[in-house]
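Inspection log for the structure reproduced underneath, given as structure tokens.
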Amino acid sequence: MNNEALRIENLHLSYKGLAGTTFSKPSALAYFDKSSDMDKELICGANLVLNRGETLCIGGPSGQGKSALLRVIAGLARPSEGRLYYFGEHIPAERQTALEIAKRQVGLVFQNGALISNLRVRDNIALPLRYHKKGSPKEIEDKINMAMDLMRVRDCATMFPHQLSVGMQKRVAIARSWAMDPELLLMDEPTAGLDNYNRRNLLPLIDNMRILFKTSIIIITHDLMIAKELNCNLVFLYNKTLTEPHSFDYWQTADNAISRELFRDLRTSG
Amino acid sequence: MEQHLSKEEEKLTFCGNLFHKLGLFLMKRTLGQQVGLFVRAIASIFSESRSFKTDSRNIILQTFFTGVEIFPVLFVVATLFGAVVIVEIMTMMGKVGFSDVVGSLMVVVIIRELGPILTAFLIAGRSGSSLTTYVGGMVIDSEVDALATMGVDPIRYLVMPGLIGGTIATFIMTIIFSGSAIGAGYLVIKVLTVITGNVLNLQLTWDYLSTEILKAMTFTDFIFIVIKPLVFGCIITTNACYQAMNIPRDIRQVPKATGKSVIKSFFYIVCADVVLSLFYFLDYFNEISKII
């Protein structure tokens, strides 16, 4: 069995590719923007390997295309060049759509949670399970309860997303993704907008998913301390490409432009 | 992508290639993409993830959303419109001595043409715009993307119930519109006649009105009572969802898309009405040729 959860080879992404491929035939429905800016490259020749059961944090300055990279991996944006392998299987560019990638047990937790606004918390978690008929109604019910317990959102099971705090919404979004048994979970800024208390509570939950269910996790974050707390490797999207993965300690002490720029505050604070 | 297409093209015959290129050409145009969206929404009914219980619930909710909320406005508009049309036709035809064509005119004006069109306009303005705003909001909030990343086809989950529910509601509302225009319109005239002391000297009874209308209705009318609202309903909902699904990630685009959805629906409805009316013209030509 291939031990790789994800392999990215020589990935290039332009703004045009980022414009949207929600549907299985993006050319039919994607938004066409004729401006010349759309041909500009956002990511240029990025490479990445993530093994099964590993967690990886991707950092970097704002506007470098971290979330865009995550959208490419999730199939929501189409690379202009490069190859993506999911669990050893190459997905050609014309089949690189979210619906196709979702079949490979890849989940995405959006920065804003992206919960379906007219569904209650319980129904939000149940939606993909019922849609894909993942078990009998009893099994689905058990799975929903387990996901809510794991993320500690059972108290708000009957609430609508707009009634929840940002932190709660994120936990529900993670519960929804977890319920689908993802083998690769992509998380966009999971700690953004959370206070220290919620942040401290969330990180062990994420780590538990890796330890208990061997889920491979990619976290896009500005909060570099996550890499230290989860004891995982850290790569940076810098100058339109991805760096080599290294530990938090390596980056903190390294003498290079990225470390000097991004770890300055962490170094001075000790 | 290019390589993939050229390989596909290589396998096709000359005619196949021609259709393939025509298909690609159409898919790059708005109308072609809308037809594509409609076909995919219909095809999604038969997907593996179908669930009779969930689907019927979603469709019923959408039917109520489209139909029930517009009912009060539609009923008032239909009643007043019906009353005006009945009075105009009765007085005008009475003056020129063509009282025997009253039924035919009522059928043409209310049942065949303006009834379905006005209902479609009202639904496009109220429910079509709501559907665009609702789905557009979901696009902006990444909810549509979230559905796709969970393997839930947004076309199946959002467009299909909107399309089926909206079309059923348009059909029901058109029947209600025509019924209200004639029935409630007649009652309004009767009340006005009593209040004003029959100033217009209308000799109108329900028996006369209903008999004349039923006498004037042809088999084609009964067919088009069903077909027209179904076509208009499909146009409104497909266009509303299409405009919403193509909103770029910018909240300012939602009102623009909503306006576009309504205006384009009006345009497509009128165009479709012209095309459907051609069948009536063919009917007339056949009758004329028989006489000649």
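Going by the structure tokens order, chains are called A, B, ..., each with residues numbered from 1, while ligands are numbered from 1 in the order shown.
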Show me, as a list in words, the residues that have an atom within 6 Å of B:Ala181 when counting only C-alpha atoms, minus same-chain residues fewer than 5 positions from it. Ala78, Thr79 and Gly82 of chain B
Write out as a ChimeraX atom specification each polymer residue whose atoms come within 10 Å of B:Thr205, counting only C-alpha atoms; drop sequence neighbours fewer than 3 positions from it. /B:186,190,202,208-210
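Going from atom CA of A:Trp178 to atom CA of A:Phe110 covers 13.2 Å.
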Based on only C-alpha atoms, which of the residues in chain B come within 10 Å of chain A? I want them as an NGL selection string. :B and (1-2 or 4-5 or 24 or 26-30 or 32-34 or 36-37 or 48-51 or 54 or 137-155 or 157 or 242 or 245-249)
Taking 3 positions as the minimum chain separation for residues in the same chain, which residues sit within 12 Å of stretch 242-249 of chain A when counting only C-alpha atoms? Answer as number ranges by chain. A: 8-12, 42-50, 55-60, 64-66, 69, 223-239, 252-254, 256-259, 262-263, 266-267
Dump C-alpha atoms for the selected residues as a CSV table (one decimal), in the first residue's frame?
chain,number,residue,atom,x,y,z
A,8,ILE,CA,2.1,17.5,-5.4
A,9,GLU,CA,4.6,17.8,-8.3
A,10,ASN,CA,5.5,21.1,-10.0
A,11,LEU,CA,2.2,22.8,-9.3
A,12,HIS,CA,1.4,26.0,-11.1
A,42,LEU,CA,-0.1,32.7,-8.0
A,43,ILE,CA,1.9,29.6,-7.3
A,44,CYS,CA,4.8,28.5,-9.5
A,45,GLY,CA,6.4,25.1,-9.3
A,46,ALA,CA,5.3,23.9,-5.8
A,47,ASN,CA,6.2,20.4,-4.6
A,48,LEU,CA,4.9,18.6,-1.5
A,49,VAL,CA,4.7,15.1,-0.1
A,50,LEU,CA,2.5,14.2,2.9
A,55,THR,CA,0.1,16.5,10.1
A,56,LEU,CA,1.7,19.3,8.1
A,57,CYS,CA,1.3,23.0,8.7
A,58,ILE,CA,1.6,25.5,5.8
A,59,GLY,CA,2.5,29.0,6.7
A,60,GLY,CA,3.6,32.1,4.9
A,64,GLN,CA,0.8,34.3,-1.1
A,65,GLY,CA,-1.8,31.8,-2.0
A,66,LYS,CA,-2.0,29.4,0.9
A,69,LEU,CA,-3.3,26.0,-2.6
A,223,ASP,CA,-0.5,30.8,13.9
A,224,LEU,CA,2.9,29.1,13.6
A,225,MET,CA,2.8,27.9,17.2
A,226,ILE,CA,0.3,25.3,16.1
A,227,ALA,CA,3.2,23.4,14.4
A,228,LYS,CA,5.0,23.4,17.7
A,229,GLU,CA,2.0,22.3,19.8
A,230,LEU,CA,1.1,19.6,17.3
A,231,ASN,CA,4.7,18.6,16.9
A,232,CYS,CA,4.5,18.5,13.2
A,233,ASN,CA,6.5,19.8,10.2
A,234,LEU,CA,6.1,23.2,8.8
A,235,VAL,CA,6.4,24.4,5.2
A,236,PHE,CA,6.1,27.9,3.9
A,237,LEU,CA,4.5,29.2,0.7
A,238,TYR,CA,7.0,31.9,-0.1
A,239,ASN,CA,8.0,33.6,-3.3
A,252,GLN,CA,12.9,29.2,14.6
A,253,THR,CA,16.7,29.0,14.7
A,254,ALA,CA,17.5,28.9,10.9
A,256,ASN,CA,17.3,32.5,6.2
A,257,ALA,CA,14.9,35.2,4.9
A,258,ILE,CA,11.7,33.3,5.9
A,259,SER,CA,12.8,32.7,9.4
A,262,LEU,CA,8.2,35.2,10.0
A,263,PHE,CA,9.8,34.2,13.3
A,266,LEU,CA,8.5,34.6,18.2
A,267,ARG,CA,12.3,34.9,18.6
Which residues are close to B:Gly103, i.e. within 12 Å by only C-alpha atoms, leaving aside same-chain residues fewer than 4 positions away? Reply as a PDB file with C-alpha atoms, in the first residue's frame.
ATOM      1  CA  VAL B  85     -60.471  42.217 -19.287  1.00  0.00           C
ATOM      2  CA  ILE B  86     -64.058  40.945 -18.937  1.00  0.00           C
ATOM      3  CA  ILE B  89     -64.241  42.680 -23.942  1.00  0.00           C
ATOM      4  CA  MET B  90     -67.948  42.726 -23.098  1.00  0.00           C
ATOM      5  CA  MET B  93     -67.605  43.492 -28.503  1.00  0.00           C
ATOM      6  CA  PHE B  98     -69.428  40.664 -32.022  1.00  0.00           C
ATOM      7  CA  SER B  99     -70.840  39.306 -28.769  1.00  0.00           C
ATOM      8  CA  VAL B 107     -59.555  32.276 -23.872  1.00  0.00           C
ATOM      9  CA  VAL B 108     -56.890  34.008 -25.976  1.00  0.00           C
ATOM     10  CA  VAL B 109     -56.257  36.877 -23.561  1.00  0.00           C
ATOM     11  CA  ILE B 110     -56.558  35.196 -20.172  1.00  0.00           C
ATOM     12  CA  ILE B 111     -55.982  31.461 -20.588  1.00  0.00           C
ATOM     13  CA  ILE B 182     -62.367  34.566 -14.651  1.00  0.00           C
ATOM     14  CA  ASP B 207     -73.726  30.684 -17.209  1.00  0.00           C
ATOM     15  CA  TYR B 208     -73.153  32.802 -20.290  1.00  0.00           C
ATOM     16  CA  LEU B 209     -69.513  33.524 -19.434  1.00  0.00           C
ATOM     17  CA  SER B 210     -68.542  29.948 -18.536  1.00  0.00           C
ATOM     18  CA  THR B 211     -70.387  28.410 -21.488  1.00  0.00           C
ATOM     19  CA  GLU B 212     -68.774  30.824 -23.942  1.00  0.00           C
ATOM     20  CA  ILE B 213     -65.290  30.169 -22.556  1.00  0.00           C
ATOM     21  CA  LEU B 214     -65.664  26.377 -22.534  1.00  0.00           C
ATOM     22  CA  LYS B 215     -67.135  26.474 -26.038  1.00  0.00           C
ATOM     23  CA  ALA B 216     -64.140  28.477 -27.292  1.00  0.00           C
ATOM     24  CA  MET B 217     -61.489  26.227 -25.770  1.00  0.00           C
ATOM     25  CA  THR B 218     -59.800  23.821 -28.154  1.00  0.00           C
TER      26      THR B 218
END
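Shortest separation to A:Pro61 among A:Arg264, A:Arg199, A:Lys240, A:His222 occurs at residue A:His222, atoms counted being only C-alpha atoms.
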Do a neighbour search on stretch 118-121 of chain A at 6 Å with only C-alpha atoms, toss out local chain neighbours closer than 6 positions, and write the hits as a list in words. Ala157, Thr158, Met159 and Phe160 of chain A
Could you pull out all residues of stretch 8-248 of chain A with a DSSP call of strand (DSSP E) and give them as a PyMOL selection string? chain A and resi 8-14+41-51+55-59+81-86+89-91+106-109+184-188+216-220+233-238+241-242
DSSP alpha helix (DSSP H) residues within stretch 40-217 of chain B, as a ChimeraX atom specification: /B:40-44,52-67,71-96,102-106,115-123,129-140,143-149,154,160-196,206-216
Can you pull out every residue within 12 Å of B:Val87, counting only C-alpha atoms, but drop anything in the same chain fewer than 3 positions away, and send it as a ChimeraX atom specification? /B:80-84,90-94,102,106,181-182,185-190,192-193,198-204,209
May I have the residues within 9 Å of B:Thr63 as a PyMOL selection string, using only C-alpha atoms and disregarding those fewer than 2 positions away in the same chain? chain B and resi 58-61+65-68+161-162+164-170
Residue subset to file, keeping C-alpha atoms, as a tab-separated table (two decimals), in the first residue's frame:
chain	number	residue	atom	x	y	z
B	58	ASN	CA	-37.13	19.34	-0.67
B	59	ILE	CA	-39.38	19.57	-3.71
B	60	ILE	CA	-42.52	20.17	-1.60
B	61	LEU	CA	-40.68	22.87	0.40
B	65	PHE	CA	-41.67	28.59	-1.18
B	66	THR	CA	-42.41	29.46	-4.82
B	67	GLY	CA	-46.17	29.19	-4.74
B	68	VAL	CA	-47.69	29.91	-1.36
B	161	PRO	CA	-35.44	20.78	-6.03
B	162	GLY	CA	-35.65	24.43	-7.12
B	164	ILE	CA	-38.90	20.71	-10.00
B	165	GLY	CA	-40.60	22.57	-7.12
B	166	GLY	CA	-40.56	25.89	-8.97
B	167	THR	CA	-42.00	24.35	-12.11
B	168	ILE	CA	-44.80	22.57	-10.25
B	169	ALA	CA	-45.61	25.82	-8.41
B	170	THR	CA	-45.65	27.81	-11.69
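Counting only C-alpha atoms and comparing A:Val172, A:Leu84, A:Ala5, A:Ile220, the residue that lies closest to A:Asp188 is A:Ile220.
Computed from the coordinates, the atom CA of A:Asn198 to atom CA of A:Lys170 distance equals 10.3 Å.
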